[in-house]
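Trainee: One file is attached below, upload.txt, containing compact mmCIF, C-alpha atoms.
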# COMPACT_ATOMS: atom_id res chain seq x y z
CA MET A 208 -41.38 -13.27 49.12
CA LYS A 209 -45.00 -12.26 48.71
CA SER A 210 -46.21 -12.05 45.14
CA ALA A 211 -47.68 -8.72 44.00
CA SER A 212 -51.25 -8.67 42.74
CA TRP A 213 -51.31 -6.26 39.83
CA GLY A 214 -54.99 -6.65 39.08
CA PHE A 215 -54.61 -5.90 35.37
CA GLN A 216 -56.67 -7.32 32.55
CA VAL A 217 -55.76 -7.86 28.95
CA LYS A 218 -58.54 -7.82 26.36
CA PRO A 219 -58.25 -8.66 22.69
CA ILE A 220 -58.54 -5.81 20.21
CA GLY A 221 -59.15 -8.27 17.38
CA TYR A 222 -58.47 -11.75 16.06
CA VAL A 223 -56.21 -13.40 13.52
CA ARG A 224 -58.08 -14.91 10.59
CA SER A 225 -55.97 -17.46 8.74
CA GLY A 226 -56.64 -19.67 5.78
CA SER A 227 -54.77 -21.39 3.01
CA GLY A 228 -52.02 -18.93 2.08
CA PHE A 229 -53.45 -15.82 3.72
CA SER A 230 -53.69 -14.10 7.08
CA LYS A 231 -55.57 -11.05 8.20
CA VAL A 232 -56.42 -9.32 11.44
CA SER A 233 -60.04 -8.46 12.14
CA ILE A 234 -60.23 -5.55 14.57
CA LEU A 235 -63.21 -5.22 16.91
CA PRO A 236 -65.39 -2.20 16.07
CA GLU A 237 -64.72 -0.43 19.37
CA TYR A 238 -61.01 -0.22 18.46
CA GLY A 239 -61.48 0.76 14.82
CA GLU A 240 -60.46 4.42 15.12
CA GLY A 241 -57.14 3.24 16.57
CA LEU A 242 -56.24 2.06 13.06
CA ASP A 243 -56.20 5.59 11.63
CA GLY A 244 -52.86 6.05 9.89
CA ILE A 245 -51.74 2.40 10.11
CA GLU A 246 -51.92 2.10 6.31
CA THR A 247 -48.95 4.49 6.03
CA PHE A 248 -46.63 1.76 7.34
CA THR A 249 -45.28 -1.14 5.29
CA HIS A 250 -44.85 -3.43 8.31
CA ILE A 251 -46.50 -3.81 11.69
CA ILE A 252 -45.83 -5.69 14.91
CA LEU A 253 -48.61 -7.90 16.25
CA LEU A 254 -48.76 -8.99 19.87
CA CYS A 255 -50.97 -12.05 20.18
CA TRP A 256 -52.18 -14.30 22.97
CA MET A 257 -51.21 -17.84 21.99
CA HIS A 258 -54.37 -19.33 23.47
CA MET A 259 -53.61 -22.91 22.36
CA ALA A 260 -50.11 -23.00 23.87
CA ARG A 261 -49.11 -24.86 27.01
CA ARG A 262 -48.33 -22.73 30.05
CA ASP A 263 -46.57 -25.36 32.17
CA VAL A 264 -43.42 -25.76 30.07
CA LEU A 265 -40.09 -24.17 30.97
CA LYS A 266 -37.77 -26.32 28.80
CA VAL A 267 -38.27 -26.84 25.06
CA ARG A 268 -36.52 -28.09 21.93
CA PRO A 269 -36.52 -25.09 19.58
CA ARG A 270 -37.50 -25.75 15.94
CA PRO A 271 -34.23 -24.62 14.40
CA ARG A 272 -32.22 -26.69 16.93
CA PRO A 273 -34.20 -29.80 17.99
CA ASP A 274 -30.91 -31.33 19.17
CA ILE A 275 -30.83 -29.05 22.23
CA LEU A 276 -33.07 -28.62 25.25
CA CYS A 277 -33.11 -25.08 26.57
CA GLY A 278 -35.10 -22.66 28.68
CA VAL A 279 -38.27 -21.33 27.10
CA PHE A 280 -37.11 -17.73 27.58
CA ALA A 281 -34.19 -18.43 25.21
CA THR A 282 -36.63 -19.42 22.42
CA ARG A 283 -39.57 -18.16 20.40
CA SER A 284 -41.71 -21.12 21.50
CA PRO A 285 -45.40 -20.27 22.03
CA SER A 286 -45.40 -22.54 25.10
CA ARG A 287 -44.49 -20.35 28.07
CA PRO A 288 -46.00 -19.06 31.34
CA ASN A 289 -47.55 -16.04 29.57
CA PRO A 290 -47.98 -17.16 25.95
CA ILE A 291 -47.54 -13.85 24.18
CA GLY A 292 -46.59 -14.15 20.52
CA ILE A 293 -44.86 -11.41 18.58
CA TYR A 294 -44.95 -11.14 14.80
CA VAL A 295 -43.39 -8.61 12.46
CA VAL A 296 -45.55 -8.75 9.34
CA LYS A 297 -45.91 -6.96 6.05
CA LEU A 298 -49.09 -4.89 5.95
CA LEU A 299 -50.54 -5.61 2.52
CA LYS A 300 -53.66 -3.46 2.79
CA LYS A 301 -56.29 -2.10 5.16
CA GLU A 302 -59.98 -2.41 4.36
CA GLY A 303 -62.20 -1.03 7.07
CA LEU A 304 -61.53 -3.10 10.18
CA GLU A 305 -59.51 -5.73 8.29
CA LEU A 306 -55.72 -5.69 8.03
CA TYR A 307 -54.39 -8.01 5.33
CA ILE A 308 -50.93 -9.21 6.29
CA SER A 309 -48.21 -11.58 5.15
CA PRO A 310 -49.01 -15.15 6.31
CA ILE A 311 -48.21 -16.03 9.94
CA ASP A 312 -48.20 -19.32 11.82
CA ALA A 313 -51.06 -18.53 14.19
CA TYR A 314 -54.30 -20.42 14.56
CA ASP A 315 -57.45 -18.93 13.11
CA GLY A 316 -59.09 -17.08 16.00
CA THR A 317 -55.86 -16.21 17.83
CA PRO A 318 -56.54 -13.10 19.96
CA VAL A 319 -54.60 -9.96 19.02
CA LEU A 320 -53.61 -7.90 22.06
CA ASP A 321 -51.91 -4.94 20.39
CA ILE A 322 -50.56 -3.58 17.11
CA LYS A 323 -47.54 -1.33 16.78
CA PRO A 324 -45.94 0.13 13.67
CA TYR A 325 -42.59 -1.38 12.72
CA ILE A 326 -40.05 1.43 12.44
CA ALA A 327 -36.77 0.25 10.90
CA GLY A 328 -34.55 2.81 12.63
CA ILE A 329 -35.88 1.82 16.04
CA ASP A 330 -36.89 -1.85 15.71
CA SER A 331 -33.96 -3.18 13.67
CA ILE A 332 -30.63 -4.11 15.21
CA PRO A 333 -28.56 -5.41 12.28
CA ASP A 334 -25.64 -6.72 14.36
CA ALA A 335 -27.77 -8.57 16.96
CA GLY A 336 -26.43 -12.01 17.84
CA LEU A 337 -28.28 -15.27 17.19
CA GLY A 338 -27.62 -16.85 20.62
CA LEU A 339 -28.36 -20.58 20.67
CA PHE A 340 -29.19 -20.56 16.98
CA THR A 341 -25.61 -19.87 15.93
CA LYS A 342 -24.16 -23.13 14.67
When written as structure tokens, how does the structure in this file appear?

Mentor:
Amino acid sequence: MKSASWGFQVKPIGYVRSGSGFSKVSILPEYGEGLDGIETFTHIILLCWMHMARRDVLKVRPRPRPDILCGVFATRSPSRPNPIGIYVVKLLKKEGLELYISPIDAYDGTPVLDIKPYIAGIDSIPDAGLGLFTK
């Protein structure tokens, strides 16, 4: 089967800035007006490009269950063919182009691809199963 060439590009809209006990997202100036209204939400969803992750791994040992080896698509591992990370974070405050958020486990300088508001009635599924992580 011939592979399709989509010809799309993904560009960062900002970068994660992390330090001891804090995280923030610095948005590039050309995307600043896209933040209008974001401060009205308590939580946001960050889509990041896990630039330090391996892309040649299809089997991993997930952190909560290092006793099993499973497919990368059944885990939250950053190592995957397209290393897109997803974080639901508390938005602490917005100052200009800076979003102060609850701490995340991303490297300082991790590219941010998109931000979406977290909406509890849409994004929460209280009875969702835990899959492999059910012991």

Trainee: At a cut-off of 12 Å from (-57.2, -13.1, 16.2) in the coordinates of the file, what residues are picked up using all atoms listed in the file, written as a PyMOL selection string?

Mentor: chain A and resi 218-225+230-235+253-258+292+305-306+311-322

Trainee: Provide the atom CA of Glu246 of chain A to atom CA of Ile326 of chain A distance in Å, to one decimal place.

Mentor: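 Between atom CA of Glu246 of chain A and atom CA of Ile326 of chain A the gap works out to 13.4 Å.
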
Trainee: Rank nothing, just name the residue among A:Ala327, A:Phe280, A:Pro271, A:Ile251 nearest to Ile293 of chain A, using only C-alpha atoms.

Mentor: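 Answer, going by the shortest atom-to-atom distance: A:Ile251.
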
Trainee: Neighbouring residues of Ala260 of chain A were defined as those with any atom within 10 Å, considering all atoms listed in the file; residues of the same chain fewer than 6 positions away were excluded. Please report them as a ChimeraX atom specification.

Mentor: /A:284-291

Trainee: Grab the atom CA of Val279 of chain A to atom CA of Leu339 of chain A distance for me, in Å with one decimal place.

Mentor: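 Atom CA of Leu339 of chain A lies at a distance of 11.8 Å from atom CA of Val279 of chain A.
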
Trainee: Would you list the residues near (-45.8, 6.6, 13.8), meaning any protein, DNA or RNA residue with an atom at most 12 Å from that point in file coordinates, counting all atoms listed in the file, as number ranges by chain?

Mentor: A: 242-251, 322-329

Trainee: Could you please determine the separation between atom CA of Pro310 of chain A and atom CA of Val296 of chain A in Å, to one decimal place?

Mentor: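 Going from atom CA of Pro310 of chain A over to atom CA of Val296 of chain A covers 7.9 Å.
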
Trainee: Box time for segment 241-255 of chain A: axis-aligned, enclosing all its listed atoms, 4 Å extra on each side; report centre and edge lengths in Å to one decimal, as AutoDock Vina command-line options.

Mentor:
--center_x -51.0 --center_y -3.0 --center_z 12.7 --size_x 20.3 --size_y 26.1 --size_z 22.9

Trainee: Tell me which of A:Val264, A:Ile252, A:Val217, A:Ile275 sits closest to Ile308 of chain A, counting all atoms listed in the file.

Mentor: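 For Ile308 of chain A, the nearest of the candidates is A:Ile252.
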